[in-house]
Amino acid sequence: NLTIHGVTKQVTFPATITLHADKVEARTEFVINRQDFGVTYPGRADDLVQDNVAMQINFVAPRA
């Protein structure tokens, strides 16, 4: 579940998980539509604010 701006939606995405001797790494890139989460901006016709937002997540944690 992903919560943005107080709105929670179920989101699925591909991820690459790498196990090392001392840590675990996970990486992913995916796109969400900001309006699905209530993030609205009327903008102008030539505005650069797009509805689709690219998300990139890199996660590193020690391996127990």
# chains A, B, ... in the order shown; residues from 1 in each chain; ligands from 1

$ select_by_dssp --residues "chain A" --states "helix (DSSP H, G or I)" --output "list in words"
Arg34, Gln35, Asp36 and Phe37 of chain A

$ residues_around --residues "Phe37 of chain A" --least-positions-apart "2" --cutoff "9 Å" --atoms "only C-alpha atoms" --output "JSON list (two decimals) with N, CA and C atoms, in the first residue's frame"
[["chain", "number", "residue", "atom", "x", "y", "z"],
["A", 3, "THR", "N", 0.75, 5.40, 0.48],
["A", 3, "THR", "CA", -0.06, 6.53, 0.95],
["A", 3, "THR", "C", 0.64, 7.83, 0.56],
["A", 4, "ILE", "N", -0.11, 8.67, -0.16],
["A", 4, "ILE", "CA", 0.38, 9.99, -0.55],
["A", 4, "ILE", "C", -0.77, 10.97, -0.33],
["A", 5, "HIS", "N", -0.46, 12.05, 0.35],
["A", 5, "HIS", "CA", -1.44, 13.11, 0.55],
["A", 5, "HIS", "C", -2.68, 12.58, 1.27],
["A", 6, "GLY", "N", -2.49, 11.59, 2.17],
["A", 6, "GLY", "CA", -3.59, 11.03, 2.95],
["A", 6, "GLY", "C", -4.44, 10.02, 2.21],
["A", 7, "VAL", "N", -4.08, 9.65, 0.99],
["A", 7, "VAL", "CA", -4.84, 8.67, 0.20],
["A", 7, "VAL", "C", -3.98, 7.42, 0.05],
["A", 8, "THR", "N", -4.56, 6.27, 0.39],
["A", 8, "THR", "CA", -3.84, 5.00, 0.29],
["A", 8, "THR", "C", -4.39, 4.17, -0.87],
["A", 9, "LYS", "N", -3.49, 3.71, -1.69],
["A", 9, "LYS", "CA", -3.84, 2.85, -2.83],
["A", 9, "LYS", "C", -2.91, 1.65, -2.85],
["A", 32, "ILE", "N", 3.27, 6.54, -11.08],
["A", 32, "ILE", "CA", 1.93, 6.67, -10.52],
["A", 32, "ILE", "C", 1.29, 7.92, -11.10],
["A", 33, "ASN", "N", -0.03, 7.98, -11.04],
["A", 33, "ASN", "CA", -0.75, 9.18, -11.44],
["A", 33, "ASN", "C", -1.06, 9.95, -10.16],
["A", 34, "ARG", "N", -0.53, 11.15, -10.05],
["A", 34, "ARG", "CA", -0.68, 11.94, -8.83],
["A", 34, "ARG", "C", -2.14, 12.23, -8.50],
["A", 35, "GLN", "N", -2.99, 12.33, -9.51],
["A", 35, "GLN", "CA", -4.39, 12.63, -9.27],
["A", 35, "GLN", "C", -5.11, 11.46, -8.61],
["A", 39, "VAL", "N", -3.64, 14.53, -5.40],
["A", 39, "VAL", "CA", -2.69, 15.63, -5.59],
["A", 39, "VAL", "C", -3.08, 16.31, -6.89],
["A", 40, "THR", "N", -3.80, 17.42, -6.76],
["A", 40, "THR", "CA", -4.31, 18.10, -7.95],
["A", 40, "THR", "C", -3.67, 19.47, -8.08]]

$ atom_distance --atom1 "atom CA of Ile57 of chain A" --atom2 "atom CA of Asp22 of chain A"
20.1 Å

$ residues_around --residues "Asn58 of chain A" --least-positions-apart "2" --cutoff "10 Å" --atoms "only C-alpha atoms" --output "NGL selection string"
:A and (15-16 or 25-29 or 56 or 60)

$ write_last_selection --atoms "all heavy atoms" --output "compact mmCIF listing (two decimals), in the first residue's frame"
# COMPACT_ATOMS: atom_id res chain seq x y z
N ALA A 15 10.49 -5.27 -8.97
CA ALA A 15 11.65 -4.86 -8.17
C ALA A 15 12.78 -5.86 -8.37
O ALA A 15 12.54 -7.04 -8.63
CB ALA A 15 11.29 -4.79 -6.69
N THR A 16 13.98 -5.37 -8.25
CA THR A 16 15.17 -6.22 -8.28
C THR A 16 15.72 -6.28 -6.86
O THR A 16 16.01 -5.24 -6.27
CB THR A 16 16.24 -5.64 -9.22
OG1 THR A 16 15.67 -5.54 -10.53
CG2 THR A 16 17.48 -6.52 -9.26
N GLU A 25 19.69 -5.42 -0.88
CA GLU A 25 19.38 -4.24 -1.67
C GLU A 25 18.15 -4.51 -2.52
O GLU A 25 18.01 -5.60 -3.07
CB GLU A 25 20.53 -3.88 -2.61
CG GLU A 25 21.78 -3.40 -1.91
CD GLU A 25 22.86 -3.03 -2.90
OE1 GLU A 25 23.40 -3.94 -3.57
OE2 GLU A 25 23.15 -1.82 -3.01
N ALA A 26 17.28 -3.51 -2.61
CA ALA A 26 16.11 -3.60 -3.49
C ALA A 26 16.02 -2.30 -4.27
O ALA A 26 16.24 -1.22 -3.73
CB ALA A 26 14.84 -3.81 -2.68
N ARG A 27 15.71 -2.43 -5.56
CA ARG A 27 15.60 -1.26 -6.44
C ARG A 27 14.37 -1.42 -7.32
O ARG A 27 14.05 -2.52 -7.76
CB ARG A 27 16.83 -1.14 -7.34
CG ARG A 27 18.11 -0.92 -6.58
CD ARG A 27 19.31 -0.90 -7.54
NE ARG A 27 20.54 -0.85 -6.82
CZ ARG A 27 21.14 0.27 -6.41
NH1 ARG A 27 20.58 1.43 -6.68
NH2 ARG A 27 22.28 0.22 -5.76
N THR A 28 13.70 -0.30 -7.54
CA THR A 28 12.54 -0.31 -8.43
C THR A 28 12.31 1.06 -9.03
O THR A 28 12.75 2.07 -8.48
CB THR A 28 11.26 -0.77 -7.70
OG1 THR A 28 10.21 -0.93 -8.64
CG2 THR A 28 10.85 0.21 -6.63
N GLU A 29 11.65 1.08 -10.15
CA GLU A 29 11.18 2.31 -10.79
C GLU A 29 9.79 2.03 -11.33
O GLU A 29 9.56 1.00 -11.95
CB GLU A 29 12.10 2.72 -11.94
CG GLU A 29 13.47 3.17 -11.50
CD GLU A 29 14.31 3.66 -12.67
OE1 GLU A 29 13.73 4.22 -13.64
OE2 GLU A 29 15.53 3.47 -12.63
N GLN A 56 11.31 6.34 -8.03
CA GLN A 56 12.50 5.50 -8.00
C GLN A 56 12.83 5.25 -6.54
O GLN A 56 12.98 6.20 -5.77
CB GLN A 56 13.67 6.19 -8.70
CG GLN A 56 14.92 5.35 -8.71
CD GLN A 56 16.08 6.08 -9.38
OE1 GLN A 56 16.34 7.24 -9.09
NE2 GLN A 56 16.75 5.39 -10.27
N VAL A 60 18.32 -0.23 1.09
CA VAL A 60 19.46 -1.03 1.56
C VAL A 60 19.25 -1.28 3.04
O VAL A 60 18.97 -0.35 3.81
CB VAL A 60 20.80 -0.31 1.34
CG1 VAL A 60 21.95 -1.16 1.84
CG2 VAL A 60 20.98 0.02 -0.14

$ closest_residue --among "A:Asn1, A:Ile17, A:Val24, A:Pro42" --to "Arg63 of chain A" --atoms "only C-alpha atoms"
A:Val24

$ atom_distance --atom1 "atom CA of Leu2 of chain A" --atom2 "atom CA of Pro62 of chain A"
23.5 Å

$ decode --residues "segment 12-37 of chain A" --atoms "N, CA, C and O atoms" --output "mmCIF file, in the first residue's frame"
data_model
loop_
_atom_site.group_PDB
_atom_site.id
_atom_site.type_symbol
_atom_site.label_atom_id
_atom_site.label_comp_id
_atom_site.auth_asym_id
_atom_site.auth_seq_id
_atom_site.Cartn_x
_atom_site.Cartn_y
_atom_site.Cartn_z
ATOM 1 N N THR A 12 1.336 -2.146 -7.256
ATOM 2 C CA THR A 12 2.269 -3.251 -7.524
ATOM 3 C C THR A 12 3.294 -2.751 -8.527
ATOM 4 O O THR A 12 3.010 -1.903 -9.380
ATOM 5 N N PHE A 13 4.508 -3.293 -8.409
ATOM 6 C CA PHE A 13 5.586 -2.862 -9.293
ATOM 7 C C PHE A 13 6.670 -3.928 -9.288
ATOM 8 O O PHE A 13 6.813 -4.683 -8.336
ATOM 9 N N PRO A 14 7.458 -3.994 -10.363
ATOM 10 C CA PRO A 14 8.584 -4.925 -10.398
ATOM 11 C C PRO A 14 9.725 -4.382 -9.551
ATOM 12 O O PRO A 14 9.884 -3.168 -9.420
ATOM 13 N N ALA A 15 10.491 -5.270 -8.971
ATOM 14 C CA ALA A 15 11.650 -4.863 -8.170
ATOM 15 C C ALA A 15 12.777 -5.861 -8.374
ATOM 16 O O ALA A 15 12.544 -7.038 -8.626
ATOM 17 N N THR A 16 13.984 -5.370 -8.247
ATOM 18 C CA THR A 16 15.170 -6.218 -8.280
ATOM 19 C C THR A 16 15.719 -6.284 -6.862
ATOM 20 O O THR A 16 16.010 -5.243 -6.267
ATOM 21 N N ILE A 17 15.832 -7.489 -6.335
ATOM 22 C CA ILE A 17 16.342 -7.689 -4.976
ATOM 23 C C ILE A 17 17.651 -8.449 -5.070
ATOM 24 O O ILE A 17 17.733 -9.494 -5.710
ATOM 25 N N THR A 18 18.678 -7.896 -4.427
ATOM 26 C CA THR A 18 20.001 -8.504 -4.439
ATOM 27 C C THR A 18 20.420 -8.809 -3.010
ATOM 28 O O THR A 18 20.388 -7.921 -2.151
ATOM 29 N N LEU A 19 20.800 -10.049 -2.776
ATOM 30 C CA LEU A 19 21.273 -10.464 -1.457
ATOM 31 C C LEU A 19 22.794 -10.484 -1.459
ATOM 32 O O LEU A 19 23.418 -11.127 -2.314
ATOM 33 N N HIS A 20 23.383 -9.773 -0.515
ATOM 34 C CA HIS A 20 24.821 -9.779 -0.304
ATOM 35 C C HIS A 20 25.092 -10.448 1.038
ATOM 36 O O HIS A 20 24.173 -10.666 1.822
ATOM 37 N N ALA A 21 26.331 -10.745 1.323
ATOM 38 C CA ALA A 21 26.674 -11.384 2.593
ATOM 39 C C ALA A 21 26.283 -10.526 3.789
ATOM 40 O O ALA A 21 25.837 -11.035 4.818
ATOM 41 N N ASP A 22 26.394 -9.200 3.648
ATOM 42 C CA ASP A 22 26.157 -8.308 4.781
ATOM 43 C C ASP A 22 24.941 -7.395 4.641
ATOM 44 O O ASP A 22 24.585 -6.669 5.565
ATOM 45 N N LYS A 23 24.279 -7.398 3.458
ATOM 46 C CA LYS A 23 23.145 -6.487 3.259
ATOM 47 C C LYS A 23 22.189 -7.014 2.198
ATOM 48 O O LYS A 23 22.517 -7.922 1.434
ATOM 49 N N VAL A 24 21.013 -6.410 2.166
ATOM 50 C CA VAL A 24 19.996 -6.692 1.152
ATOM 51 C C VAL A 24 19.711 -5.384 0.440
ATOM 52 O O VAL A 24 19.520 -4.349 1.080
ATOM 53 N N GLU A 25 19.692 -5.424 -0.884
ATOM 54 C CA GLU A 25 19.384 -4.239 -1.674
ATOM 55 C C GLU A 25 18.147 -4.511 -2.523
ATOM 56 O O GLU A 25 18.005 -5.597 -3.071
ATOM 57 N N ALA A 26 17.276 -3.513 -2.613
ATOM 58 C CA ALA A 26 16.108 -3.597 -3.488
ATOM 59 C C ALA A 26 16.022 -2.299 -4.273
ATOM 60 O O ALA A 26 16.237 -1.216 -3.728
ATOM 61 N N ARG A 27 15.709 -2.429 -5.555
ATOM 62 C CA ARG A 27 15.602 -1.260 -6.437
ATOM 63 C C ARG A 27 14.365 -1.419 -7.316
ATOM 64 O O ARG A 27 14.052 -2.520 -7.763
ATOM 65 N N THR A 28 13.698 -0.295 -7.544
ATOM 66 C CA THR A 28 12.540 -0.314 -8.430
ATOM 67 C C THR A 28 12.311 1.062 -9.033
ATOM 68 O O THR A 28 12.754 2.072 -8.480
ATOM 69 N N GLU A 29 11.645 1.085 -10.149
ATOM 70 C CA GLU A 29 11.179 2.308 -10.789
ATOM 71 C C GLU A 29 9.786 2.030 -11.325
ATOM 72 O O GLU A 29 9.556 0.999 -11.952
ATOM 73 N N PHE A 30 8.855 2.942 -11.054
ATOM 74 C CA PHE A 30 7.501 2.795 -11.563
ATOM 75 C C PHE A 30 6.856 4.171 -11.638
ATOM 76 O O PHE A 30 7.406 5.157 -11.157
ATOM 77 N N VAL A 31 5.691 4.238 -12.244
ATOM 78 C CA VAL A 31 4.991 5.505 -12.449
ATOM 79 C C VAL A 31 3.640 5.446 -11.762
ATOM 80 O O VAL A 31 2.941 4.433 -11.835
ATOM 81 N N ILE A 32 3.270 6.541 -11.083
ATOM 82 C CA ILE A 32 1.934 6.668 -10.516
ATOM 83 C C ILE A 32 1.287 7.925 -11.100
ATOM 84 O O ILE A 32 1.982 8.811 -11.582
ATOM 85 N N ASN A 33 -0.029 7.976 -11.039
ATOM 86 C CA ASN A 33 -0.752 9.176 -11.437
ATOM 87 C C ASN A 33 -1.063 9.949 -10.165
ATOM 88 O O ASN A 33 -1.770 9.466 -9.286
ATOM 89 N N ARG A 34 -0.532 11.146 -10.048
ATOM 90 C CA ARG A 34 -0.679 11.937 -8.828
ATOM 91 C C ARG A 34 -2.138 12.228 -8.499
ATOM 92 O O ARG A 34 -2.522 12.320 -7.331
ATOM 93 N N GLN A 35 -2.987 12.329 -9.514
ATOM 94 C CA GLN A 35 -4.389 12.633 -9.274
ATOM 95 C C GLN A 35 -5.115 11.463 -8.611
ATOM 96 O O GLN A 35 -6.118 11.667 -7.919
ATOM 97 N N ASP A 36 -4.610 10.235 -8.786
ATOM 98 C CA ASP A 36 -5.180 9.075 -8.094
ATOM 99 C C ASP A 36 -5.040 9.208 -6.579
ATOM 100 O O ASP A 36 -5.765 8.565 -5.824
ATOM 101 N N PHE A 37 -4.100 10.028 -6.134
ATOM 102 C CA PHE A 37 -3.833 10.231 -4.715
ATOM 103 C C PHE A 37 -4.319 11.597 -4.227
ATOM 104 O O PHE A 37 -3.940 12.053 -3.156
#
